[in-house]
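Beneath this line is the structure, given in structure tokens, with notes to follow.
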Amino acid sequence: MCGIVGYVGPRDAAAILMDGLARLEYRGYDSAGIAVLNETGAMRLEKRAGKLENLTQALVGATMTGTPGIAHTRWATHGRPNDLNAHPHLDCHDAIAVVHNGIIENYLELRQELTARGHQLHSETDTEVLAHLLEIEMAHDGDLAAAMRRMLPRLRGAYAIVAMAVAQPDMLVGARSDVPLIVGLGTGEAFFASDITAILRYTRRMVTLHDGEVATITPQGLILCRLDGSPVMREPLTVDWDAQMAEKGGYDHFLLKEIMEQPIAVRRALQGRVREEQGMLQPWLEDFQTWVATGKLATIRRIVLLACGTSLYAAQIARAQLTRWARLPVEAVVASEYRYEDPVVGPDVLVIAITQSGETADTIAAVRLARAAGAPVIGITNSVGSALTHEVDVTLYLQAGPEISVPATKTFVASLVVLTLLSLSLARAATAGQVSRYDGVGPSDRELPDASVTANTAEIRDKALSEERFSLKNTGLDASGISAILSELEMVPALMDEDLEIATQDFSIVRQVARSLARCQSVMFIGRGVGQVIASEGALKLKEVSYIHAESYPAGELKHGPIALLDPDTPLVAIATASATYQKIVSNIQEVRARNARIIAVATQGDAEISEHADDVIFVPAIDELLTPLLAIIPLQLMAYYTARERGCAIDQPRNLAKSVTVE
Ligand code: F6R
């Protein structure tokens with residue numbers, strides 16, 4: 001949401017800023033603007049509502065030369081998305097320009113005060129007050145950084161702010177609170193940006209700002225200090241992404257490129273995290289091992305996974321893995337709800353927060369609450385130095401490379417890989433007695449009749465265990481079980497290649513299905529177990545890129561209401577991959593077929609039965625049931641992509657969506 005770019009250095013700022021804004025488009029925005037100090041030191045400003053192209057057109061023939069400069073893409077919160085409300089905003093004398101992401105909660109109060117003092121404010125935004133407050137503060141000593149330090153304590157809310165002043169043309173000053181802002185360090189030049197993708201072409205050396213710090217950048221580098229003026233020393237990080245990773249690389253859309261990159265994303269997520277020990281493969285997450293060594297894990301009684309959207313679906317799959325493999329009590333909670341449900345949380349609850357952007361406000365807020373209650377927190381993110389990393393005890397990076405398209409794809413599978421490794425690490429710790437398993441009796445012992453009660457007990461038990469063999473008799477994974485899962489996990493990139501090849505062949509079944517879905521008003525998705533989570537993620541992908549209404553249900557729930565919606569115009573996508581509940585899903589499909597709905601099934605290669613029950617079948621390679629989501633999600637992502645293409649939708653930047661949701 002909203003994007004900031006700032007440049008100070010010897011080059012003309014405008015081209016660099018416009019290029020940076022283009023690379024931030026994926027964050028979501030509805031207007032854009034740029035301000036540059038020209039050769040005579042005067043402020044030049046252009047702002048336009050709508051797409052960046054409108055601003056580009058406005059700059060044709062305009063003499064937007066000089067340096068430094070700041071630029072912004074705005075996602076409207078206060079005031080409509082029009083030219084006037086677009087950033088940058090100026091003070092009374094066109095001497096200070098400000099861009100801002102986030103929300104200034106007390107802006108009305110500040111605005112009244114400024115108006116009473118004779119300041120003229122022209123826009124409906126909360127941001128404009130910042131330019132005027134800086135004007136007042138700068139009048140004291142002419143120092144923009146000092147003015148910023150004096151202004152910040154007056155603000156309530158969340159913000160990333162970058163300012164530029166005619167009086168100090170060799171610098172930009174920035175600060176943040178709960179909203180991302182980084183500094184990029186080049187040679188003889190420096191940058192501000194909302195995220196590294198905006199400036200990857202120029203530098204990979206970056207410094208993340210923390211709340212309560214003020215950063216001054218000049219061609220010579222960065223001066224970082226706290227609000228009291230005391231200096232802060234922070235070494236720059238070097239990100240291992242390169243500029244090419246943030247290009248389309250010959251694909252029509254980033255979404256397709258990122259879907260196709262998933263085998264690489266899985267390889268990268270696994271990199272350095274599996275090793276051979278005593279002849280067996282073991283998950284090796286260095287940070288996690290520290291927890292084992294310090295005994296931190298020994299106190300854990302329960303696990304809470306926190307996330308939103310697609311990351312929440314990754315969490316739900318991890319929940320199934322932790323339950324089955326580690327036998328630990330675990331819940332996956334919608335982060336935006338967590339704070340308001342008065343959660344039972346303390347030092348014996350291990351919190352695992354998943355957010356690819358590392359900036360999702362709801363997830364960060366939930367983490368803060370848990371941490372304040374003493375819970376140890378592991379954060380999983382793709383974004384080096386993001387807000388999440390400042391809030392957690394341990395960060396595990398996805399290592400997926402930049403994801404530009406708004407819908408999450410490769411970060412989803414990378415999250416699944418990291419969560420799988422974490423689940424296996426916890427299973428291993430549970431086997432070694434480093435974390436306590438749930439002590440009660442397993443469901444198989446509780447639910448099945450006692451052997452002495454009836455003559456056919458053994459028969460009943462055998463039947464139950466063969467149908468639900470994974471979930472009922474499970475006692476967690478031992479070392480060889482962990483090793484077996486890891487071997488399969490290591491095969492995933494190769495299986496994904498196969499999966500993608502089948503799914504993307506010309507005139508493949510996926511494209512055929514997409515063509516028929518493109519004409520529908522509504523699509524229903526069902527599944528069981530992790531299949532139901534795949535169904536939910538498939539429905540989310542379809543609705544967000546193609547704008548077709550899509551709902552997902554646990555298959556058993558269909559007949560409790562949603563089946564009423566089915567008719568020949570409402571297709572059903574059923575996740576019918578090999579699992580303990582395969583026969584049950586087949587029964588659900590038959591119930592639907594009896595209502596004449598078209599059935600599209602995702603099934604495991606080698607399944608000879610499914611074609612009798614479904615109109616279209618998309619096969620995926622066979623793998624352990626709890627790893628299936630890594631493979632079964634691919635045809636659903638492609639189905640969403642091709643459906644959206646058929647419908648001519650804005651695939652990489654769906655309407656109303658933003659890549660990083662920094663407001664609650
Ligand atoms: C869906 C999608 C969103 C995000 C959600 C959380 O394709 O991208 O649902 O998954 O906004 O984002 P992160 O993972 O950045 O916290």
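Chain identifiers are assigned as A, B, and so on, following the order in which chains appear in the structure tokens; residues are numbered from 1 within each chain, and ligands are numbered from 1 in order of appearance.
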Query raised in the report: Neighbours of range 38-53 of chain A within 6 Å (only C-alpha atoms; same-chain residues fewer than 5 positions away dropped), as a PyMOL selection string?
Result: chain A and resi 30-33+65-66+81-83+86
Requested in this report: Using only C-alpha atoms and all ligand atoms, find each residue with an atom at most 10 Å away from ligand 1 and format the answer as a ChimeraX atom specification.
Outcome: /A:306-314,335,353-364,380-383,388,403,405-409,411-412,415,537-538,540-545,637,654,657-662
Requested in this report: Show which residues sit within 10 Å of Arg154 in chain A, as JSON, numbers by chain. Count only C-alpha atoms, and ignore same-chain residues fewer than 4 positions away.
Outcome: {"A": [106, 107, 110, 133, 149, 150]}
Query raised in the report: Where in range 83-185 of chain A does DSSP assign strand (DSSP E or B), given as a PyMOL selection string?
Result: chain A and resi 89-90+96-104+157-165+172-178+182-185
Residues of range 346-429 of chain A that approach range 257-272 of chain A to 8 Å or less, counting only C-alpha atoms: could you list each one with the shortest pair of atoms and its distance in Å to one decimal, rows by chain and increasing residue number, as a Markdown table?
| residue | atom | partner | partner_atom | distance |
| --- | --- | --- | --- | --- |
| A:Tyr397 | CA | A:Ala269 | CA | 7.9 |
| A:Leu398 | CA | A:Ala269 | CA | 5.5 |
| A:Gln399 | CA | A:Ala269 | CA | 5.4 |
| A:Ala400 | CA | A:Ala265 | CA | 4.8 |
| A:Gly401 | CA | A:Ala265 | CA | 7.4 |
| A:Glu403 | CA | A:Glu258 | CA | 6.9 |
| A:Ser405 | CA | A:Glu258 | CA | 7.8 |
| A:Thr409 | CA | A:Ile259 | CA | 6.0 |
| A:Lys410 | CA | A:Gln262 | CA | 5.1 |
| A:Thr411 | CA | A:Ala265 | CA | 7.7 |
| A:Val413 | CA | A:Val266 | CA | 6.8 |
| A:Ala414 | CA | A:Val266 | CA | 5.6 |
| A:Val417 | CA | A:Ala269 | CA | 6.5 |
| A:Val418 | CA | A:Ala269 | CA | 6.5 |
Report task. For each of A:His549, A:His132, A:Arg273, A:Arg226, take the minimum atom-to-atom distance to Leu396 in chain A, counting only C-alpha atoms, then give the residue where this is smallest. Result ->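 Distance minimum relative to Leu396 in chain A lands on A:Arg273.
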Query raised in the report: Counting only C-alpha atoms, what is within 9 Å of Ile610 in chain A, bar same-chain residues fewer than 3 positions away, as a ChimeraX atom specification?
Result: /A:576,586,601,603,607,613-614,617
Write a file of the just-selected residues containing N, CA, C and O atoms, as a tab-separated table (two decimals), in the first residue's frame.
chain	number	residue	atom	x	y	z
A	576	ALA	N	-9.37	-33.88	-4.96
A	576	ALA	CA	-9.58	-35.31	-4.69
A	576	ALA	C	-8.26	-36.06	-4.82
A	576	ALA	O	-8.17	-37.13	-5.43
A	586	VAL	N	-15.08	-38.60	-2.97
A	586	VAL	CA	-15.74	-39.15	-4.16
A	586	VAL	C	-17.26	-39.17	-3.91
A	586	VAL	O	-18.05	-38.80	-4.77
A	601	ALA	N	-12.00	-32.00	-11.17
A	601	ALA	CA	-11.30	-32.63	-10.04
A	601	ALA	C	-9.80	-32.46	-10.19
A	601	ALA	O	-9.26	-32.52	-11.29
A	603	ALA	N	-6.66	-34.48	-9.01
A	603	ALA	CA	-6.44	-35.83	-8.48
A	603	ALA	C	-4.99	-36.25	-8.66
A	603	ALA	O	-4.22	-35.58	-9.35
A	607	ASP	N	-4.66	-42.32	-10.57
A	607	ASP	CA	-6.01	-42.56	-10.07
A	607	ASP	C	-6.91	-42.93	-11.27
A	607	ASP	O	-7.24	-42.08	-12.09
A	613	HIS	N	-16.12	-39.93	-12.33
A	613	HIS	CA	-16.96	-39.05	-11.50
A	613	HIS	C	-16.88	-37.58	-11.88
A	613	HIS	O	-17.71	-36.79	-11.45
A	614	ALA	N	-15.84	-37.20	-12.64
A	614	ALA	CA	-15.63	-35.77	-12.92
A	614	ALA	C	-15.68	-35.49	-14.41
A	614	ALA	O	-15.36	-36.35	-15.22
A	617	VAL	N	-10.47	-33.68	-15.31
A	617	VAL	CA	-9.56	-34.06	-14.22
A	617	VAL	C	-8.18	-33.48	-14.51
A	617	VAL	O	-7.66	-33.59	-15.62
**Report entry** range 554-570 of chain A surroundings by only C-alpha atoms, 10 Å radius, close-in-sequence under 3 positions cut, as JSON, numbers by chain
**Finding:** {"A": [517, 519, 520, 521, 522, 523, 524, 525, 526, 527, 528, 529, 530, 531, 532, 533, 535, 536, 550, 551, 573, 574, 575, 584, 585, 586, 587, 588, 589, 591, 592, 593, 594, 595, 596, 597, 598, 599]}
Writer output for current selection, C-alpha atoms, as a compact mmCIF listing (two decimals), in the first residue's frame:
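And here is the file that came out, out39.txt:
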# COMPACT_ATOMS: atom_id res chain seq x y z
CA LEU A 517 -14.81 -20.80 -15.88
CA ARG A 519 -18.09 -17.43 -18.38
CA CYS A 520 -19.31 -18.36 -14.89
CA GLN A 521 -20.75 -16.14 -12.19
CA SER A 522 -19.76 -18.38 -9.34
CA VAL A 523 -17.51 -21.37 -8.62
CA MET A 524 -17.54 -23.68 -5.61
CA PHE A 525 -14.39 -25.40 -4.25
CA ILE A 526 -14.36 -28.38 -1.88
CA GLY A 527 -11.81 -30.58 -0.20
CA ARG A 528 -11.11 -32.47 3.01
CA GLY A 529 -8.20 -32.16 5.42
CA VAL A 530 -5.38 -30.24 3.77
CA GLY A 531 -7.38 -30.62 0.54
CA GLN A 532 -9.87 -28.20 2.02
CA VAL A 533 -7.12 -25.66 2.61
CA ALA A 535 -9.59 -25.51 -2.04
CA SER A 536 -9.67 -22.28 -0.01
CA ALA A 550 -15.60 -18.34 -5.54
CA GLU A 551 -16.32 -20.08 -2.25
CA VAL A 573 -13.70 -27.80 -8.16
CA ALA A 574 -12.97 -30.81 -5.95
CA ILE A 575 -9.56 -31.53 -4.47
CA LYS A 584 -15.51 -39.66 1.16
CA ILE A 585 -14.68 -36.90 -1.29
CA VAL A 586 -15.74 -39.15 -4.16
CA SER A 587 -19.11 -39.56 -2.40
CA ASN A 588 -19.40 -35.78 -2.07
CA ILE A 589 -18.65 -35.40 -5.78
CA GLU A 591 -23.88 -35.90 -4.48
CA VAL A 592 -23.02 -32.81 -6.49
CA ARG A 593 -23.11 -34.58 -9.81
CA ALA A 594 -26.63 -35.63 -9.09
CA ARG A 595 -27.45 -31.88 -9.15
CA ASN A 596 -25.98 -31.56 -12.68
CA ALA A 597 -23.12 -29.31 -11.64
CA ARG A 598 -19.97 -29.55 -13.72
CA ILE A 599 -17.15 -31.21 -11.77
Long-range neighbours of Thr389 in chain A as a PDB file with all heavy atoms, in the first residue's frame, 8 Å cut-off, only C-alpha atoms, 5 positions minimum in chain:
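Okay, result_10.pdb is ready:
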ATOM      1  N   GLY A 358       6.071  -9.185   5.604  1.00  0.00           N
ATOM      2  CA  GLY A 358       6.642  -8.788   6.888  1.00  0.00           C
ATOM      3  C   GLY A 358       6.065  -7.475   7.390  1.00  0.00           C
ATOM      4  O   GLY A 358       6.558  -6.889   8.351  1.00  0.00           O
ATOM      5  N   GLY A 379       9.084 -15.645  13.555  1.00  0.00           N
ATOM      6  CA  GLY A 379       8.488 -14.945  12.415  1.00  0.00           C
ATOM      7  C   GLY A 379       8.980 -15.565  11.120  1.00  0.00           C
ATOM      8  O   GLY A 379      10.159 -15.912  11.001  1.00  0.00           O
ATOM      9  N   VAL A 384      13.576  -9.081   4.014  1.00  0.00           N
ATOM     10  CA  VAL A 384      14.712  -8.875   4.919  1.00  0.00           C
ATOM     11  C   VAL A 384      14.567  -7.536   5.638  1.00  0.00           C
ATOM     12  O   VAL A 384      14.311  -6.511   5.010  1.00  0.00           O
ATOM     13  CB  VAL A 384      16.036  -8.900   4.113  1.00  0.00           C
ATOM     14  CG1 VAL A 384      17.231  -8.593   5.010  1.00  0.00           C
ATOM     15  CG2 VAL A 384      16.209 -10.245   3.441  1.00  0.00           C
ATOM     16  N   VAL A 394      12.901 -14.893  16.709  1.00  0.00           N
ATOM     17  CA  VAL A 394      13.667 -15.586  15.679  1.00  0.00           C
ATOM     18  C   VAL A 394      12.989 -15.336  14.329  1.00  0.00           C
ATOM     19  O   VAL A 394      11.771 -15.407  14.234  1.00  0.00           O
ATOM     20  CB  VAL A 394      13.668 -17.112  15.956  1.00  0.00           C
ATOM     21  CG1 VAL A 394      14.156 -17.884  14.755  1.00  0.00           C
ATOM     22  CG2 VAL A 394      14.540 -17.430  17.169  1.00  0.00           C
ATOM     23  N   THR A 395      13.784 -15.022  13.300  1.00  0.00           N
ATOM     24  CA  THR A 395      13.205 -14.853  11.954  1.00  0.00           C
ATOM     25  C   THR A 395      13.677 -15.986  11.050  1.00  0.00           C
ATOM     26  O   THR A 395      14.866 -16.293  11.013  1.00  0.00           O
ATOM     27  CB  THR A 395      13.662 -13.522  11.315  1.00  0.00           C
ATOM     28  OG1 THR A 395      13.287 -12.461  12.177  1.00  0.00           O
ATOM     29  CG2 THR A 395      13.011 -13.314   9.957  1.00  0.00           C
TER      30      THR A 395
END
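Among the candidates A:Ala429, A:Ala622, A:Cys2, A:Met164, the one nearest to Val492 in chain A when counting only C-alpha atoms is A:Ala622.
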Requested in this report: Go through range 447-651 of chain A and collect every residue that DSSP, computed from the backbone, puts in helix (DSSP H, G or I); the answer should be as a PyMOL selection string.
Outcome: chain A and resi 447+457-467+469-472+479-504+509-517+530-546+555-560+562-565+582-593+610-612+625-646
Could you pull the residues within 9 Å of Arg647 in chain A, counting only C-alpha atoms, minus those fewer than 5 positions along the same chain, as a PDB file with N, CA and C atoms, in the first residue's frame?
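What landed in around15.pdb:
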ATOM      1  N   ALA A 518     -14.326 -18.821 -17.187  1.00  0.00           N
ATOM      2  CA  ALA A 518     -14.380 -17.384 -17.472  1.00  0.00           C
ATOM      3  C   ALA A 518     -15.811 -16.906 -17.732  1.00  0.00           C
ATOM      4  N   ARG A 519     -16.696 -17.822 -18.091  1.00  0.00           N
ATOM      5  CA  ARG A 519     -18.087 -17.426 -18.385  1.00  0.00           C
ATOM      6  C   ARG A 519     -19.003 -17.588 -17.172  1.00  0.00           C
ATOM      7  N   SER A 546      -9.660 -12.971 -11.052  1.00  0.00           N
ATOM      8  CA  SER A 546     -10.645 -12.981 -12.148  1.00  0.00           C
ATOM      9  C   SER A 546     -11.947 -12.287 -11.759  1.00  0.00           C
ATOM     10  N   TYR A 642      -5.245 -18.106 -16.024  1.00  0.00           N
ATOM     11  CA  TYR A 642      -5.792 -18.159 -17.385  1.00  0.00           C
ATOM     12  C   TYR A 642      -7.248 -17.681 -17.422  1.00  0.00           C
TER      13      TYR A 642
END
Query raised in the report: In terms of the shortest atom-to-atom distance over only C-alpha atoms, which of A:Ala387, A:Leu200, A:Ala427, A:Val99 is closest to Gly481 in chain A?
Result: A:Ala427
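We find CA of Arg156 in chain A and CA of Glu128 in chain A to be spaced 14.8 Å apart.
In this structure, CA of Ile600 in chain A sits 7.3 Å away from CA of Pro571 in chain A.
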Requested in this report: Provide the CA of Ser123 in chain A to CA of Asp19 in chain A distance in Å, to one decimal place.
Outcome: 26.3 Å
